[in-house]
>>> print(open('target22.txt').read())   # compact mmCIF, C-alpha atoms
# COMPACT_ATOMS: atom_id res chain seq x y z
CA MET W 1177 13.74 0.00 -34.02
CA THR W 1178 15.43 -3.40 -33.94
CA ALA W 1179 14.68 -7.02 -34.68
CA THR W 1180 16.45 -9.36 -32.30
CA THR W 1181 17.43 -11.96 -34.86
CA ALA W 1182 17.36 -12.28 -38.63
CA HIS W 1183 14.68 -14.94 -38.51
CA HIS W 1184 12.18 -12.26 -37.45
CA LEU W 1185 12.33 -10.95 -41.00
CA ILE W 1186 9.28 -11.61 -43.13
CA SER W 1187 10.59 -12.61 -46.55
CA ARG W 1188 9.56 -12.29 -49.70
CA TRP W 1189 15.10 -6.93 -71.40
CA SER W 1190 18.67 -5.26 -81.00
CA GLY W 1191 19.00 -4.39 -83.96
CA ALA W 1192 21.54 -2.59 -86.20
CA LEU W 1193 21.43 1.16 -85.87
CA GLY W 1194 21.03 3.35 -88.92
CA ILE W 1195 23.68 5.92 -89.68
CA CYS W 1196 21.38 8.70 -88.48
CA ALA W 1197 20.57 7.09 -85.15
CA ILE W 1198 21.27 9.12 -82.08
CA VAL W 1199 23.20 7.37 -79.37
CA ALA W 1200 23.28 9.04 -76.00
CA VAL W 1201 25.76 8.02 -73.39
CA ILE W 1202 24.21 8.26 -69.99
CA ARG W 1203 27.11 9.27 -67.87
CA PRO W 1204 27.03 8.90 -64.14
CA ALA W 1205 27.07 12.18 -62.28
CA HIS W 1206 30.54 11.27 -61.05
CA ALA W 1207 33.03 9.27 -63.11
CA ASP W 1208 34.18 7.20 -60.16
CA PRO W 1209 31.55 6.92 -57.43
CA ARG W 1210 33.15 6.04 -54.13
CA ALA W 1211 30.21 4.45 -52.43
CA VAL W 1212 26.83 2.78 -52.67
CA VAL W 1213 24.73 3.38 -49.57
CA GLU W 1214 21.59 1.27 -49.16
CA LEU W 1215 19.13 2.39 -46.49
CA PHE W 1216 16.72 -0.19 -45.14
CA THR W 1217 13.84 1.89 -43.82
CA SER W 1218 10.15 1.70 -43.02
CA GLN W 1219 7.21 4.10 -42.92
CA GLY W 1220 6.20 2.38 -39.68
CA CYS W 1221 9.50 3.10 -37.93
CA SER W 1222 9.61 6.20 -35.73
CA SER W 1223 13.43 6.15 -35.74
CA CYS W 1224 13.66 6.25 -39.55
CA PRO W 1225 12.74 9.83 -40.63
CA PRO W 1226 16.15 11.29 -39.71
CA ALA W 1227 17.82 8.54 -41.76
CA ASP W 1228 15.45 9.17 -44.67
CA LYS W 1229 16.49 12.82 -44.59
CA ILE W 1230 20.19 11.89 -44.58
CA ILE W 1231 19.73 9.70 -47.66
CA GLY W 1232 18.24 12.73 -49.40
CA GLU W 1233 21.31 14.75 -48.47
CA LEU W 1234 23.71 12.01 -49.55
CA ALA W 1235 21.87 11.71 -52.88
CA LYS W 1236 23.03 15.26 -53.67
CA ASP W 1237 26.67 14.13 -53.47
CA PRO W 1238 27.70 13.02 -57.00
CA SER W 1239 30.29 10.64 -55.57
CA ILE W 1240 27.69 8.67 -53.59
CA ILE W 1241 24.94 6.46 -54.95
CA ALA W 1242 22.29 6.48 -52.24
CA MET W 1243 19.24 4.22 -52.39
CA SER W 1244 16.24 3.63 -50.13
CA MET W 1245 15.04 0.04 -49.81
CA PRO W 1246 11.83 0.01 -47.75
CA ILE W 1247 11.24 -3.23 -45.86
CA ASP W 1248 7.93 -4.89 -44.96
CA TYR W 1249 8.48 -6.65 -41.63
CA TRP W 1250 7.12 -3.79 -39.51
CA ASP W 1251 3.81 -3.67 -41.41
CA TYR W 1252 2.02 -5.39 -38.53
CA LEU W 1253 2.59 -2.37 -36.25
CA GLY W 1254 -0.45 -0.50 -37.60
CA TRP W 1255 0.69 0.91 -40.95
CA LYS W 1256 1.46 -1.05 -44.11
CA ASP W 1257 4.46 0.55 -45.84
CA THR W 1258 3.26 1.66 -49.29
CA LEU W 1259 6.76 1.40 -50.83
CA ALA W 1260 7.93 -1.79 -49.15
CA ASP W 1261 9.12 -4.84 -51.06
CA SER W 1262 9.76 -8.22 -49.46
CA ARG W 1263 12.84 -8.55 -51.71
CA PHE W 1264 14.43 -5.72 -49.76
CA SER W 1265 13.71 -7.49 -46.48
CA ALA W 1266 15.33 -10.61 -47.93
CA ARG W 1267 18.34 -8.58 -49.12
CA GLN W 1268 18.84 -7.09 -45.69
CA LYS W 1269 18.67 -10.55 -44.16
CA ALA W 1270 21.19 -11.87 -46.71
CA TYR W 1271 23.62 -9.11 -45.81
CA SER W 1272 23.37 -9.98 -42.13
CA ARG W 1273 23.90 -13.66 -42.87
CA MET W 1274 27.01 -12.92 -44.94
CA ARG W 1275 28.44 -10.70 -42.21
CA GLY W 1276 27.63 -13.34 -39.65
CA ASP W 1277 26.24 -10.87 -37.14
CA ARG W 1278 22.47 -11.30 -37.66
CA GLU W 1279 22.07 -7.53 -37.16
CA VAL W 1280 18.75 -6.62 -38.80
CA TYR W 1281 17.07 -3.35 -37.86
CA THR W 1282 15.75 -0.04 -39.15
CA PRO W 1283 17.10 2.40 -40.02
CA GLN W 1284 20.09 0.38 -41.19
CA ALA W 1285 22.55 1.65 -43.80
CA VAL W 1286 24.71 -0.89 -45.62
CA VAL W 1287 27.78 0.78 -47.13
CA ASN W 1288 29.44 -0.72 -50.23
CA GLY W 1289 27.84 -4.05 -49.45
CA SER W 1290 30.22 -4.57 -46.54
CA VAL W 1291 29.57 -2.56 -43.40
CA HIS W 1292 26.34 -1.71 -41.62
CA VAL W 1293 25.72 1.36 -39.46
CA ILE W 1294 22.74 3.15 -37.98
CA GLY W 1295 21.20 5.01 -40.90
CA SER W 1296 20.57 8.17 -38.91
CA ASP W 1297 24.26 8.55 -38.01
CA ARG W 1298 25.83 10.44 -40.92
CA SER W 1299 29.32 10.47 -39.44
CA SER W 1300 29.23 6.68 -39.12
CA ILE W 1301 28.15 6.41 -42.76
CA GLU W 1302 31.08 8.60 -43.82
CA ASN W 1303 33.47 6.58 -41.67
CA ALA W 1304 32.16 3.35 -43.16
CA ILE W 1305 32.72 4.72 -46.67
CA GLY W 1306 36.34 5.39 -45.79
CA ALA W 1307 36.80 2.01 -44.14
CA THR W 1308 35.33 0.00 -47.00
CA ARG W 1309 37.40 1.90 -49.57
CA LYS W 1310 40.54 0.33 -48.10
CA GLY W 1311 39.68 -2.87 -49.98
CA ASP W 1312 41.23 -2.89 -53.46
CA GLU W 1313 38.18 -4.43 -55.05
CA VAL W 1314 35.52 -2.12 -53.59
CA MET W 1315 34.08 0.28 -56.19
CA SER W 1316 37.04 -0.44 -58.49
CA ILE W 1317 35.13 -1.57 -61.62
CA PRO W 1318 33.88 1.13 -64.05
CA VAL W 1319 30.18 0.80 -64.88
CA THR W 1320 28.44 2.83 -67.61
CA MET W 1321 24.93 3.11 -69.02
CA THR W 1322 24.25 3.97 -72.68
CA GLN W 1323 20.86 4.81 -74.16
CA SER W 1324 20.17 4.12 -77.82
CA GLY W 1325 16.59 4.80 -78.84
CA LYS W 1326 14.39 2.80 -76.52
CA GLN W 1327 17.14 0.62 -75.11
CA ILE W 1328 19.61 0.93 -72.28
CA THR W 1329 22.94 -0.86 -72.31
CA VAL W 1330 24.84 -1.45 -69.12
CA SER W 1331 28.56 -2.07 -69.57
CA VAL W 1332 30.94 -3.38 -66.95
CA ALA W 1333 34.70 -3.08 -67.51
CA ALA W 1334 37.27 -5.78 -66.83
CA ALA W 1335 38.62 -6.39 -63.37
CA SER W 1336 42.07 -4.83 -63.21
CA LYS W 1337 43.02 -4.72 -59.54
CA VAL W 1338 42.03 -8.08 -58.12
CA PRO W 1339 40.69 -11.37 -59.51
CA VAL W 1340 36.95 -11.77 -59.17
CA LYS W 1341 35.50 -15.27 -59.12
CA HIS W 1342 31.87 -14.34 -59.54
CA GLY W 1343 29.68 -11.27 -59.51
CA GLU W 1344 26.21 -10.22 -60.59
CA VAL W 1345 25.00 -7.17 -62.52
CA TRP W 1346 21.69 -5.56 -61.57
CA ILE W 1347 19.69 -2.53 -62.68
CA CYS W 1348 17.33 -0.68 -60.36
CA SER W 1349 14.40 1.59 -61.20
CA ILE W 1350 14.54 4.70 -59.01
CA SER W 1351 11.97 7.24 -57.86
CA LYS W 1352 13.99 10.26 -56.77
CA SER W 1353 11.46 11.77 -54.41
CA VAL W 1354 8.31 10.19 -53.00
CA PRO W 1355 6.27 12.11 -50.39
CA ILE W 1356 4.06 9.87 -48.27
CA SER W 1357 1.34 10.92 -45.83
CA ILE W 1358 1.24 8.37 -43.04
CA ALA W 1359 -2.12 7.93 -41.35
CA ARG W 1360 -1.39 5.28 -38.72
CA GLY W 1361 1.39 3.67 -36.80
CA GLU W 1362 4.41 5.24 -35.15
CA ASN W 1363 4.67 8.05 -37.75
CA ARG W 1364 0.95 8.83 -37.96
CA GLY W 1365 0.13 12.38 -39.01
CA LYS W 1366 3.49 12.93 -40.66
CA GLU W 1367 4.36 13.49 -44.33
CA ILE W 1368 7.77 12.01 -45.03
CA THR W 1369 9.72 12.28 -48.28
CA TYR W 1370 11.64 9.19 -49.31
CA HIS W 1371 14.63 9.67 -51.61
CA ASN W 1372 16.01 7.48 -54.42
CA VAL W 1373 13.50 4.76 -53.66
CA VAL W 1374 14.14 1.47 -55.45
CA ARG W 1375 10.85 0.49 -57.12
CA ASN W 1376 12.15 -2.53 -59.03
CA LEU W 1377 15.40 -4.37 -59.49
CA VAL W 1378 16.30 -6.78 -62.27
CA LYS W 1379 19.31 -9.04 -62.58
CA LEU W 1380 20.99 -8.48 -65.96
CA GLY W 1381 23.47 -11.32 -65.75
CA ASP W 1382 26.57 -12.84 -64.22
CA TRP W 1383 30.02 -11.27 -64.48
CA ASN W 1384 33.33 -13.15 -64.23
CA GLY W 1385 35.84 -10.33 -64.39
CA ASN W 1386 35.81 -9.85 -68.16
CA PRO W 1387 34.25 -6.83 -69.90
CA GLU W 1388 30.55 -7.47 -70.49
CA SER W 1389 27.46 -5.58 -71.70
CA TRP W 1390 23.74 -6.15 -71.30
CA THR W 1391 20.92 -4.42 -73.23
CA VAL W 1392 17.38 -4.01 -71.95
CA PRO W 1393 14.31 -2.12 -73.20
CA LEU W 1394 14.03 1.35 -71.69
CA ASP W 1395 10.41 0.73 -70.76
CA SER W 1396 11.45 -2.21 -68.56
CA VAL W 1397 13.21 0.31 -66.35
CA ALA W 1398 11.38 3.61 -66.86
CA HIS W 1399 7.65 3.68 -66.22
CA ALA W 1400 5.24 5.86 -64.26
CA GLY W 1401 6.95 7.48 -61.32
CA ILE W 1402 10.45 6.37 -62.33
CA ASP W 1403 12.97 9.13 -63.04
CA GLY W 1404 16.32 7.48 -62.35
CA ALA W 1405 18.26 4.25 -62.64
CA VAL W 1406 21.15 2.60 -60.85
CA ALA W 1407 23.26 -0.19 -62.31
CA TYR W 1408 25.72 -2.04 -60.14
CA VAL W 1409 28.05 -5.03 -60.17
CA GLN W 1410 28.42 -6.82 -56.87
CA ASP W 1411 30.60 -9.65 -55.74
CA GLY W 1412 28.78 -12.84 -54.80
CA SER W 1413 25.11 -13.33 -55.57
CA GLY W 1414 21.68 -12.07 -54.62
CA ASP W 1415 21.46 -14.67 -51.87
CA GLU W 1416 25.05 -14.13 -50.75
CA PRO W 1417 25.85 -10.48 -51.50
CA GLY W 1418 29.45 -9.34 -51.14
CA PRO W 1419 31.29 -6.05 -51.63
CA MET W 1420 30.09 -3.55 -54.20
CA LEU W 1421 32.54 -3.62 -57.13
CA GLY W 1422 31.17 -0.72 -59.16
CA ALA W 1423 28.03 1.26 -59.89
CA ALA W 1424 26.52 4.05 -61.95
CA TYR W 1425 23.52 6.32 -61.48
CA THR W 1426 21.59 8.30 -64.09
CA SER W 1427 18.51 10.47 -64.36
CA LEU W 1428 15.83 9.30 -66.77
CA HIS W 1429 13.59 11.77 -68.61
>>> encode(input="target22.txt", output="structure tokens")
Amino acid sequence: MTATTAHHLISRWSGALGICAIVAVIRPAHADPRAVVELFTSQGCSSCPPADKIIGELAKDPSIIAMSMPIDYWDYLGWKDTLADSRFSARQKAYSRMRGDREVYTPQAVVNGSVHVIGSDRSSIENAIGATRKGDEVMSIPVTMTQSGKQITVSVAAASKVPVKHGEVWICSISKSVPISIARGENRGKEITYHNVVRNLVKLGDWNGNPESWTVPLDSVAHAGIDGAVAYVQDGSGDEPGPMLGAAYTSLH
């Protein structure tokens, strides 16, 4: 399913710890993830289920942080996506604007904030991971999450390979597996499971290449239906997203 131009898109958390306090370091499943793959998908898109399945497969790879970002601009086709968020539609549009190609469609996978491919083409996703890794800055910044009591701290290390003028740090609330029964539209009668669905995303702050940390309440991230979190630092801004500089994923219990 495609949209001919981007304009068809419909837009849019301390105190001192006692000596007995338990501090748990939430370590990412892989010390140095090599890629962040964002899938822009829709429950109303008949071409999307194979891509949704691939994201589930990629999510099992500890070196890949895979996220589903359901968009809302196909809602008029007979089924309103129950997971969609207009912020994801806006993010997809921003990516296309930064690339300069105005390519906005579903299923679209954006790899490391730089390259887009058809989300149902796993080999293209793997090739894009390899291609984007040729940039020194891509996924070069260590990101960690630390839980202390009812707080989560996201820490971003200093830039060591290349100078970074400006980046932003975000944390995403993740639902690992969400089965949806679709009653109408192109996928009517199907039950589709969506993997690593972003249910909320919050900007923690700006990052200028120096080591920084941000602390947020755990309950701002983890609530009903949330069992994971992703933190990432990305070059540019929310309106002008650039390459992914680093990321971390953790399960929440």
>>> atom_distance(input="target22.txt", atom1="atom CA of W:Arg1360", atom2="atom CA of W:Ser1218")
12.8 Å
>>> residues_around(input="target22.txt", residues="W:Ala1333", least_positions_apart="6", cutoff="8 Å", atoms="all atoms listed in the file", output="PDB file with C-alpha atoms, keeping the file's coordinate frame")
ATOM      1  CA  ILE W1317      35.130  -1.570 -61.620  1.00  0.00           C
ATOM      2  CA  PRO W1318      33.880   1.130 -64.050  1.00  0.00           C
ATOM      3  CA  VAL W1319      30.180   0.800 -64.880  1.00  0.00           C
ATOM      4  CA  GLY W1385      35.840 -10.330 -64.390  1.00  0.00           C
ATOM      5  CA  ASN W1386      35.810  -9.850 -68.160  1.00  0.00           C
ATOM      6  CA  PRO W1387      34.250  -6.830 -69.900  1.00  0.00           C
ATOM      7  CA  GLU W1388      30.550  -7.470 -70.490  1.00  0.00           C
TER       8      GLU W1388
END
>>> atom_distance(input="target22.txt", atom1="atom CA of W:Ser1349", atom2="atom CA of W:Gly1401")
9.5 Å
>>> closest_residue(input="target22.txt", among="W:Ala1227, W:Met1321, W:Val1212, W:Val1345", to="W:Ile1294", atoms="all atoms listed in the file")
W:Ala1227
>>> closest_residue(input="target22.txt", among="W:Gly1220, W:Arg1263, W:Glu1367, W:Gln1410", to="W:Met1315", atoms="only C-alpha atoms")
W:Gln1410
>>> residues_around(input="target22.txt", residues="W:Asp1228", least_positions_apart="6", cutoff="8 Å", atoms="all atoms listed in the file", output="number ranges by chain")
W: 1215, 1217, 1244, 1296, 1369-1371
>>> residues_near_point(input="target22.txt", point="(16.3, -2.5, -53.4)", cutoff="12 Å", atoms="only C-alpha atoms", output="ChimeraX atom specification")
/W:1212-1217,1242-1247,1259-1268,1286,1346-1351,1372-1379,1405-1408,1414
>>> atom_distance(input="target22.txt", atom1="atom CA of W:Ser1272", atom2="atom CA of W:Leu1253")
22.9 Å
>>> closest_residue(input="target22.txt", among="W:Val1392, W:Ala1211, W:Gly1232, W:Thr1282", to="W:Ser1353", atoms="all atoms listed in the file")
W:Gly1232
>>> closest_residue(input="target22.txt", among="W:Val1291, W:Val1314, W:Ile1368, W:Leu1394", to="W:Arg1275", atoms="all atoms listed in the file")
W:Val1291
>>> closest_residue(input="target22.txt", among="W:Tyr1271, W:Tyr1281, W:Tyr1249, W:Trp1383", to="W:Gly1422", atoms="only C-alpha atoms")
W:Trp1383
>>> closest_residue(input="target22.txt", among="W:Ser1413, W:Ser1357, W:Ser1222, W:Ser1396", to="W:Asp1382", atoms="only C-alpha atoms")
W:Ser1413
>>> axis_aligned_box(input="target22.txt", around="stretch 1211-1223 of chain W", padding_each_side="6 Å", output="lines of an AutoDock Vina configuration file")
center_x = 18.2
center_y = 3.0
center_z = -44.2
size_x = 36.0
size_y = 18.4
size_z = 28.9
>>> residues_near_point(input="target22.txt", point="(28.9, -4.6, -48.6)", cutoff="8 Å", atoms="only C-alpha atoms", output="number ranges by chain")
W: 1271, 1286-1292, 1417-1420
>>> write_last_selection(input="target22.txt", atoms="C-alpha atoms", output="CSV table (one decimal), keeping the file's coordinate frame")
chain,number,residue,atom,x,y,z
W,1271,TYR,CA,23.6,-9.1,-45.8
W,1286,VAL,CA,24.7,-0.9,-45.6
W,1287,VAL,CA,27.8,0.8,-47.1
W,1288,ASN,CA,29.4,-0.7,-50.2
W,1289,GLY,CA,27.8,-4.0,-49.4
W,1290,SER,CA,30.2,-4.6,-46.5
W,1291,VAL,CA,29.6,-2.6,-43.4
W,1292,HIS,CA,26.3,-1.7,-41.6
W,1417,PRO,CA,25.8,-10.5,-51.5
W,1418,GLY,CA,29.4,-9.3,-51.1
W,1419,PRO,CA,31.3,-6.0,-51.6
W,1420,MET,CA,30.1,-3.6,-54.2
>>> residues_around(input="target22.txt", residues="W:Arg1298", least_positions_apart="6", cutoff="10 Å", atoms="all atoms listed in the file", output="PyMOL selection string")
chain W and resi 1226-1227+1230-1231+1233-1234+1285+1304
>>> build_atoms(input="target22.txt", residues="stretch 1232-1267 of chain W", atoms="N, CA and C atoms", output="mmCIF file, in the frame of the given file")
data_model
loop_
_atom_site.group_PDB
_atom_site.id
_atom_site.type_symbol
_atom_site.label_atom_id
_atom_site.label_comp_id
_atom_site.auth_asym_id
_atom_site.auth_seq_id
_atom_site.Cartn_x
_atom_site.Cartn_y
_atom_site.Cartn_z
ATOM 1 N N GLY W 1232 18.501 11.641 -48.468
ATOM 2 C CA GLY W 1232 18.240 12.730 -49.400
ATOM 3 C C GLY W 1232 19.431 13.656 -49.534
ATOM 4 N N GLU W 1233 20.109 13.907 -48.439
ATOM 5 C CA GLU W 1233 21.310 14.750 -48.470
ATOM 6 C C GLU W 1233 22.452 14.048 -49.192
ATOM 7 N N LEU W 1234 22.647 12.768 -48.897
ATOM 8 C CA LEU W 1234 23.710 12.010 -49.550
ATOM 9 C C LEU W 1234 23.482 11.896 -51.057
ATOM 10 N N ALA W 1235 22.202 11.838 -51.452
ATOM 11 C CA ALA W 1235 21.870 11.710 -52.880
ATOM 12 C C ALA W 1235 22.320 12.925 -53.674
ATOM 13 N N LYS W 1236 22.553 14.053 -52.983
ATOM 14 C CA LYS W 1236 23.030 15.260 -53.670
ATOM 15 C C LYS W 1236 24.535 15.222 -53.934
ATOM 16 N N ASP W 1237 25.230 14.292 -53.290
ATOM 17 C CA ASP W 1237 26.670 14.130 -53.470
ATOM 18 C C ASP W 1237 26.919 13.262 -54.704
ATOM 19 N N PRO W 1238 27.516 13.806 -55.777
ATOM 20 C CA PRO W 1238 27.700 13.020 -57.000
ATOM 21 C C PRO W 1238 28.632 11.823 -56.851
ATOM 22 N N SER W 1239 29.386 11.778 -55.758
ATOM 23 C CA SER W 1239 30.290 10.640 -55.570
ATOM 24 C C SER W 1239 29.642 9.509 -54.777
ATOM 25 N N ILE W 1240 28.397 9.695 -54.355
ATOM 26 C CA ILE W 1240 27.690 8.670 -53.590
ATOM 27 C C ILE W 1240 26.414 8.269 -54.304
ATOM 28 N N ILE W 1241 26.194 6.982 -54.428
ATOM 29 C CA ILE W 1241 24.940 6.460 -54.950
ATOM 30 C C ILE W 1241 24.133 5.995 -53.746
ATOM 31 N N ALA W 1242 23.103 6.768 -53.413
ATOM 32 C CA ALA W 1242 22.290 6.480 -52.240
ATOM 33 C C ALA W 1242 20.941 5.924 -52.684
ATOM 34 N N MET W 1243 20.495 4.854 -52.034
ATOM 35 C CA MET W 1243 19.240 4.220 -52.390
ATOM 36 C C MET W 1243 18.454 3.875 -51.135
ATOM 37 N N SER W 1244 17.132 4.060 -51.203
ATOM 38 C CA SER W 1244 16.240 3.630 -50.130
ATOM 39 C C SER W 1244 15.603 2.308 -50.514
ATOM 40 N N MET W 1245 15.642 1.346 -49.594
ATOM 41 C CA MET W 1245 15.040 0.040 -49.810
ATOM 42 C C MET W 1245 14.054 -0.234 -48.668
ATOM 43 N N PRO W 1246 12.796 0.186 -48.824
ATOM 44 C CA PRO W 1246 11.830 0.010 -47.750
ATOM 45 C C PRO W 1246 11.475 -1.457 -47.502
ATOM 46 N N ILE W 1247 11.504 -1.839 -46.229
ATOM 47 C CA ILE W 1247 11.240 -3.230 -45.860
ATOM 48 C C ILE W 1247 9.787 -3.389 -45.399
ATOM 49 N N ASP W 1248 9.345 -4.638 -45.262
ATOM 50 C CA ASP W 1248 7.930 -4.890 -44.960
ATOM 51 C C ASP W 1248 7.694 -5.551 -43.612
ATOM 52 N N TYR W 1249 8.709 -5.844 -42.832
ATOM 53 C CA TYR W 1249 8.480 -6.650 -41.630
ATOM 54 C C TYR W 1249 7.926 -5.875 -40.444
ATOM 55 N N TRP W 1250 7.796 -4.542 -40.572
ATOM 56 C CA TRP W 1250 7.120 -3.790 -39.510
ATOM 57 C C TRP W 1250 5.667 -3.463 -39.873
ATOM 58 N N ASP W 1251 5.158 -4.009 -40.970
ATOM 59 C CA ASP W 1251 3.810 -3.670 -41.410
ATOM 60 C C ASP W 1251 2.735 -4.007 -40.368
ATOM 61 N N TYR W 1252 3.022 -4.963 -39.513
ATOM 62 C CA TYR W 1252 2.020 -5.390 -38.530
ATOM 63 C C TYR W 1252 1.821 -4.363 -37.411
ATOM 64 N N LEU W 1253 2.661 -3.337 -37.354
ATOM 65 C CA LEU W 1253 2.590 -2.370 -36.250
ATOM 66 C C LEU W 1253 1.520 -1.310 -36.427
ATOM 67 N N GLY W 1254 0.678 -1.424 -37.444
ATOM 68 C CA GLY W 1254 -0.450 -0.500 -37.600
ATOM 69 C C GLY W 1254 -0.448 0.288 -38.883
ATOM 70 N N TRP W 1255 0.632 0.199 -39.670
ATOM 71 C CA TRP W 1255 0.690 0.910 -40.950
ATOM 72 C C TRP W 1255 1.457 0.052 -41.947
ATOM 73 N N LYS W 1256 0.818 -0.265 -43.061
ATOM 74 C CA LYS W 1256 1.460 -1.050 -44.110
ATOM 75 C C LYS W 1256 2.263 -0.113 -45.004
ATOM 76 N N ASP W 1257 3.572 -0.300 -45.045
ATOM 77 C CA ASP W 1257 4.460 0.550 -45.840
ATOM 78 C C ASP W 1257 4.071 0.471 -47.315
ATOM 79 N N THR W 1258 3.751 1.628 -47.907
ATOM 80 C CA THR W 1258 3.260 1.660 -49.290
ATOM 81 C C THR W 1258 4.362 1.494 -50.321
ATOM 82 N N LEU W 1259 5.623 1.541 -49.906
ATOM 83 C CA LEU W 1259 6.760 1.400 -50.830
ATOM 84 C C LEU W 1259 7.534 0.109 -50.589
ATOM 85 N N ALA W 1260 7.143 -0.630 -49.564
ATOM 86 C CA ALA W 1260 7.930 -1.790 -49.150
ATOM 87 C C ALA W 1260 7.907 -2.912 -50.181
ATOM 88 N N ASP W 1261 8.975 -3.689 -50.172
ATOM 89 C CA ASP W 1261 9.120 -4.840 -51.060
ATOM 90 C C ASP W 1261 9.800 -5.943 -50.249
ATOM 91 N N SER W 1262 9.191 -7.113 -50.235
ATOM 92 C CA SER W 1262 9.760 -8.220 -49.460
ATOM 93 C C SER W 1262 11.155 -8.591 -49.947
ATOM 94 N N ARG W 1263 11.487 -8.266 -51.207
ATOM 95 C CA ARG W 1263 12.840 -8.550 -51.710
ATOM 96 C C ARG W 1263 13.891 -7.732 -50.976
ATOM 97 N N PHE W 1264 13.493 -6.544 -50.512
ATOM 98 C CA PHE W 1264 14.430 -5.720 -49.760
ATOM 99 C C PHE W 1264 14.646 -6.297 -48.362
ATOM 100 N N SER W 1265 13.576 -6.811 -47.772
ATOM 101 C CA SER W 1265 13.710 -7.490 -46.480
ATOM 102 C C SER W 1265 14.651 -8.681 -46.618
ATOM 103 N N ALA W 1266 14.474 -9.446 -47.702
ATOM 104 C CA ALA W 1266 15.330 -10.610 -47.930
ATOM 105 C C ALA W 1266 16.781 -10.181 -48.168
ATOM 106 N N ARG W 1267 16.982 -9.071 -48.858
ATOM 107 C CA ARG W 1267 18.340 -8.580 -49.120
ATOM 108 C C ARG W 1267 19.020 -8.163 -47.816
#
